[in-house]
Structures are given as C-alpha cells and as structure tokens.
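**Student:** Dumping the structure here so I can ask a few things about it.
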Amino acid sequence: MPVGNSITAGEHYRYPSVAERTGYRKALYEMLVKAGYNVDFVGSQDHGKRPKDDPNWYDWNNEAYPGWTIPAITEKVQEVLPVYQPDILLVHVGTNGRDWAQKPRQVMDMLDMINAYSVKDNHPVTVFLCKIIKRFYLEDSGPTSQFNNEVSRLVAQRTNDKIKIIMVDMENGAGLDYTDHIPDPAAKPPYKGGDMWGRRYPGVPYDKYHPNDKGNIKMAKKFYEELVLNLGKPK
C-alpha cells in the first residue's frame, strides 16, 4: 500500500491527467515484477488508473491524497487497513503543512494506529517509512531535514511494536538532484539534469515540491533496494 500525498500520487497542481499520475509507483511496480516478485499494490485511490488493455497498465492502487496533512492521511489509512489488509506500507508523508514542530509526533500517531490494527487483527505489517525528500533547491529545506531527523530519533525509541518499521533515507539516499538544471551531455562526467520540476513547471513561479519523471525513478529505485534487502529474493 503506497501511502502519501501528491508526491506518491504523481499529481502536481492538478496535473497531469489521472491516468498519467504514476509518481514513483509505476517504475517500482515494473522493477519488482521484472525481478520476479508477485506484487499486488492496494488502496482506494485512482491516481494512475488505466484499463487493463492499456499497454502501459500497471497496478495503480494506492492511498495518496494530494495536499493532505499527516493526521488527515492517518484517518483515511485507518479506514482502509481492514479492507485491503496490506502486508507492506510504503509511507512518504510530511510535505504539507507548516506545523513542523508537531509533524514528528503526528507520524508516531500514524505508526501507533498501524500497530494497533496489526495487534487487533493479528496481521503482521512492515512499514517502510521515508525520510521525505527535500524541497526545490531555491527553498529552505532545513525544516524538512529537522523533521526527518526527529522522526528517525523517535522511531529508534519505539519498543514492543508488533509492526516492523524500516527507515528509508529518501532525502539523501535516493541520490536526488534537487535542481531543475537541464542536462549537459558535454560535461565530464555527462550531466543528466536535475530531478525536480522546479521552474520547468508551467503556470507557477516554480514547483517547490515535486520530482520530475527522473526523480520519480530514483525514488522507485530506493524503495526497490530497501524492499529487496528486507524481502530477500523472490521464490
């Protein structure tokens, strides 16, 4: 179950069309299937929905809510956990809202809720919890890094959870280039360009938050690496 906001949805400022809102999810699904894993993404949201006969179909199911804060996402996830009974949650939350001092505790509340579900239904759950990506390089990403560090500290203090929590360093570990600089094949080594929409997004001064297609692939690769480490090779 991919969980998050617009970055997970693959939506930014109501663009692109629903079928094209793939985010990191399409690339991750294709990586896992190609490696031989039996994958079933689950969730109630339609971002990326395509008919089965579409040649670019992928398992688009998710729980992503563009613009939503952590408590609101937590409420929706609480509703759907008994419905879809996921074994794994991929969680990237915290981008929206300015209440940075409260956000780490809100993430712990989400984890408490997931753990309570796991205990009540006796259903093991692994949560891949992200240190979320930074903002576009012209923005101050200090609050994001402080949030990520505090979430990591609080997770390390948790004991006796039934759920398994794995921290995923999406902030620095995915190798994201937080600019929108154009590629330069003449550079040594060749430069593939920035990973954010930034000033190349039409209709806004610059997109502060969202990775472009190349950035989404990097997020997918990071999730894939962490999944393989913890799941082992497919049987």
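Starting from 1 in every chain, residues are counted up; chains themselves are A, B, ... following the order of the structure tokens, and ligands are numbered from 1 as listed.
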Using only C-alpha atoms, which protein or nucleic acid residues come within 9 Å of Ile114 in chain A? Drop anything in the same chain fewer than 3 positions from it, and give the result as an MDAnalysis selection string.
**Tutor:** chainID A and resid 74 77:78 81 109:111 117:119 125 127 163
**Student:** Could you take the residues named above and write them with N, CA and C atoms, as a tab-separated table (two decimals), in the first residue's frame?
**Tutor:**
```tsv
chain	number	residue	atom	x	y	z
A	74	THR	N	-3.73	9.80	8.01
A	74	THR	CA	-3.84	8.75	9.02
A	74	THR	C	-5.27	8.26	9.15
A	77	VAL	N	-6.13	6.08	6.13
A	77	VAL	CA	-5.44	4.79	6.19
A	77	VAL	C	-6.08	3.89	7.24
A	78	GLN	N	-6.50	4.47	8.36
A	78	GLN	CA	-7.17	3.69	9.38
A	78	GLN	C	-8.44	3.05	8.83
A	81	LEU	N	-7.22	0.04	6.13
A	81	LEU	CA	-6.38	-1.11	6.53
A	81	LEU	C	-7.19	-2.40	6.66
A	109	ASP	N	1.86	9.00	15.77
A	109	ASP	CA	0.44	8.66	15.92
A	109	ASP	C	0.00	7.72	14.79
A	110	MET	N	0.48	7.98	13.58
A	110	MET	CA	0.17	7.10	12.46
A	110	MET	C	0.71	5.69	12.71
A	111	LEU	N	1.94	5.60	13.18
A	111	LEU	CA	2.53	4.31	13.47
A	111	LEU	C	1.79	3.60	14.60
A	117	TYR	N	-3.85	-1.68	14.67
A	117	TYR	CA	-4.53	-2.53	13.68
A	117	TYR	C	-3.84	-3.89	13.60
A	118	SER	N	-2.51	-3.89	13.55
A	118	SER	CA	-1.76	-5.13	13.42
A	118	SER	C	-2.01	-6.05	14.61
A	119	VAL	N	-2.05	-5.47	15.80
A	119	VAL	CA	-2.30	-6.26	17.02
A	119	VAL	C	-3.73	-6.79	17.02
A	125	VAL	N	2.63	-6.44	9.75
A	125	VAL	CA	2.77	-5.34	8.79
A	125	VAL	C	4.20	-4.80	8.86
A	127	VAL	N	6.35	-1.50	7.73
A	127	VAL	CA	6.21	-0.11	7.29
A	127	VAL	C	7.57	0.40	6.83
A	163	ILE	N	4.37	-4.22	14.60
A	163	ILE	CA	4.79	-3.87	13.25
A	163	ILE	C	6.31	-3.74	13.18
```
**Student:** So that I can see what lies close to range 95-101 of chain A, please list as a list in words the residues with an atom at most 8 Å from it, counting only C-alpha atoms and leaving out residues fewer than 6 positions away in the same chain.
**Tutor:**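 Result of the neighbour search: Asn5, Gly67, Trp68, Thr69, Ile70, Ile132, Pro143, Thr144, Phe147 and Tyr209 of chain A.
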**Student:** In Å, how far is it from CA of Glu150 in chain A to CA of Asn122 in chain A?
**Tutor:** 29.2 Å
**Student:** Of the candidates A:Asp46, A:Asp53, A:Asp40, A:Glu226, which one gets nearest to Gly10 in chain A if we count only C-alpha atoms?
**Tutor:**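 The shortest atom-to-atom distance to Gly10 in chain A comes from A:Asp46.
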**Student:** Any idea what the distance is between CA of Gly173 in chain A and CA of Pro86 in chain A?
**Tutor:**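 Pair CA of Gly173 in chain A / CA of Pro86 in chain A returns 25.5 Å.
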**Student:** Might you pull out every residue within 6 Å of range 17-29 of chain A, with only C-alpha atoms counted and same-chain residues fewer than 2 positions away left off, and present them as a PyMOL selection string?
**Tutor:** chain A and resi 8-11+15+31-32+47-50+216-217+219-220
**Student:** With N, CA and C atoms retained, write the just-selected residues as a compact mmCIF listing (two decimals), in the first residue's frame.
**Tutor:**
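Output contents, as saved in again35.txt:
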```txt
# COMPACT_ATOMS: atom_id res chain seq x y z
N THR A 8 3.41 10.89 -3.82
CA THR A 8 3.04 9.49 -4.02
C THR A 8 2.00 9.34 -5.13
N ALA A 9 1.07 10.28 -5.18
CA ALA A 9 0.03 10.23 -6.21
C ALA A 9 0.60 10.44 -7.60
N GLY A 10 1.67 11.23 -7.70
CA GLY A 10 2.17 11.63 -9.01
C GLY A 10 1.37 12.77 -9.59
N GLU A 11 0.77 13.57 -8.70
CA GLU A 11 -0.05 14.71 -9.10
C GLU A 11 0.61 16.00 -8.62
N TYR A 15 -2.25 18.41 -12.25
CA TYR A 15 -1.66 17.92 -13.50
C TYR A 15 -0.85 16.67 -13.17
N MET A 31 9.82 -2.61 -11.74
CA MET A 31 11.07 -3.18 -11.23
C MET A 31 10.81 -4.48 -10.47
N LEU A 32 9.80 -4.48 -9.62
CA LEU A 32 9.51 -5.65 -8.80
C LEU A 32 9.03 -6.82 -9.66
N HIS A 47 -5.35 7.45 -8.66
CA HIS A 47 -4.21 8.06 -9.34
C HIS A 47 -3.48 7.01 -10.19
N GLY A 48 -3.43 7.25 -11.49
CA GLY A 48 -2.76 6.33 -12.39
C GLY A 48 -3.65 5.26 -12.98
N LYS A 49 -4.94 5.32 -12.69
CA LYS A 49 -5.87 4.27 -13.15
C LYS A 49 -5.91 4.19 -14.67
N ARG A 50 -5.75 2.98 -15.17
CA ARG A 50 -5.79 2.72 -16.61
C ARG A 50 -6.55 1.42 -16.85
N ASN A 216 11.31 10.63 -9.92
CA ASN A 216 10.42 9.53 -9.51
C ASN A 216 11.09 8.17 -9.68
N ILE A 217 11.86 8.01 -10.75
CA ILE A 217 12.56 6.75 -10.96
C ILE A 217 13.60 6.52 -9.87
N MET A 219 13.35 7.63 -6.79
CA MET A 219 12.60 7.21 -5.60
C MET A 219 12.22 5.74 -5.71
N ALA A 220 11.79 5.33 -6.90
CA ALA A 220 11.41 3.92 -7.10
C ALA A 220 12.60 3.00 -6.84
```
**Student:** Using only C-alpha atoms, which residues sit within 10 Å of Leu89 in chain A once same-chain residues fewer than 3 positions away are excluded, as JSON, numbers by chain?
**Tutor:** {"A": [1, 2, 3, 41, 42, 62, 63, 81, 86, 92, 114, 125, 126, 127, 128, 129, 165]}
**Student:** Counting only C-alpha atoms, which of A:Met108, A:Leu138, A:Leu231, A:Ile88 gets nearest to Pro124 in chain A?
**Tutor:** A:Ile88
**Student:** Residues at most 9 Å from Asp180 in chain A, counting only C-alpha atoms, excluding those fewer than 4 positions away in the same chain, as a list in words?
**Tutor:** Phe136, Tyr137, Gly193, Gly194, Asp195, Met196, Trp197, Gly198, Arg199, Arg200 and Asn212 of chain A
**Student:** How would the residues just picked look written out with C-alpha atoms as a CSV table (one decimal), in the first residue's frame?
**Tutor:**
```
chain,number,residue,atom,x,y,z
A,136,PHE,CA,13.4,22.5,-4.7
A,137,TYR,CA,16.9,23.9,-4.1
A,193,GLY,CA,19.9,17.2,-15.4
A,194,GLY,CA,18.0,18.0,-12.2
A,195,ASP,CA,15.3,15.8,-10.7
A,196,MET,CA,12.7,18.4,-9.7
A,197,TRP,CA,10.0,20.1,-11.8
A,198,GLY,CA,11.1,23.5,-10.4
A,199,ARG,CA,10.9,26.4,-12.9
A,200,ARG,CA,10.1,24.0,-15.8
A,212,ASN,CA,10.1,15.1,-12.3
```
**Student:** If you run DSSP on the backbone, which residues of range 31-80 of chain A are alpha helix (DSSP H), as a VMD selection string?
**Tutor:** chain A and resid 31 to 34 70 to 80
**Student:** Fewer than 3 positions away in the same chain doesn't count, so skip those; otherwise give me all residues within 12 Å of Arg153 in chain A, counting only C-alpha atoms, as a ChimeraX atom specification.
**Tutor:** /A:104-105,107-108,131,146-150,156-158,167
**Student:** Restricting it to N, CA, C and O atoms, dump the selection as a short mmCIF file (atom, residue, chain, number, x, y, z; two decimals), in the first residue's frame.
**Tutor:**
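Output file out05.cif is given in full below:
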```
data_model
loop_
_atom_site.label_atom_id
_atom_site.label_comp_id
_atom_site.auth_asym_id
_atom_site.auth_seq_id
_atom_site.Cartn_x
_atom_site.Cartn_y
_atom_site.Cartn_z
N PRO A 104 6.51 15.36 13.59
CA PRO A 104 7.09 14.07 14.03
C PRO A 104 6.16 13.28 14.93
O PRO A 104 6.02 12.06 14.80
N ARG A 105 5.49 13.97 15.86
CA ARG A 105 4.55 13.29 16.74
C ARG A 105 3.37 12.74 15.94
O ARG A 105 2.83 11.67 16.25
N VAL A 107 3.50 11.60 12.92
CA VAL A 107 3.96 10.35 12.29
C VAL A 107 3.91 9.21 13.31
O VAL A 107 3.51 8.09 12.98
N MET A 108 4.31 9.49 14.56
CA MET A 108 4.24 8.45 15.59
C MET A 108 2.79 8.04 15.83
O MET A 108 2.50 6.85 16.06
N LYS A 131 12.35 9.06 5.25
CA LYS A 131 12.82 10.42 5.40
C LYS A 131 12.43 11.12 4.11
O LYS A 131 12.94 10.76 3.04
N GLN A 146 15.21 18.63 9.62
CA GLN A 146 14.96 18.53 11.06
C GLN A 146 13.82 17.55 11.34
O GLN A 146 13.89 16.75 12.28
N PHE A 147 12.78 17.63 10.54
CA PHE A 147 11.65 16.68 10.67
C PHE A 147 12.14 15.25 10.48
O PHE A 147 11.83 14.37 11.29
N ASN A 148 12.91 15.01 9.43
CA ASN A 148 13.41 13.66 9.16
C ASN A 148 14.26 13.13 10.31
O ASN A 148 14.14 11.96 10.71
N ASN A 149 15.12 13.98 10.84
CA ASN A 149 15.99 13.56 11.94
C ASN A 149 15.19 13.24 13.20
O ASN A 149 15.49 12.26 13.91
N GLU A 150 14.17 14.05 13.46
CA GLU A 150 13.36 13.81 14.66
C GLU A 150 12.52 12.55 14.51
O GLU A 150 12.38 11.77 15.47
N ALA A 156 13.55 5.17 16.57
CA ALA A 156 14.57 4.38 17.25
C ALA A 156 14.20 4.11 18.71
O ALA A 156 14.69 3.14 19.30
N GLN A 157 13.35 4.94 19.28
CA GLN A 157 12.95 4.78 20.67
C GLN A 157 11.75 3.84 20.85
O GLN A 157 11.42 3.48 21.98
N ARG A 158 11.11 3.48 19.74
CA ARG A 158 9.92 2.64 19.85
C ARG A 158 10.31 1.21 20.24
O ARG A 158 11.25 0.64 19.69
N MET A 167 13.33 2.45 8.21
CA MET A 167 13.54 3.82 7.74
C MET A 167 14.19 3.78 6.36
O MET A 167 15.16 3.06 6.12
#
```
**Student:** I'd like the contact shell of Gly175 in chain A - 10 Å cut-off, only C-alpha atoms, skipping same-chain residues fewer than 5 positions apart - returned as a VMD selection string.
**Tutor:** chain A and resid 169 to 170 195 215 218 to 219 221 to 222
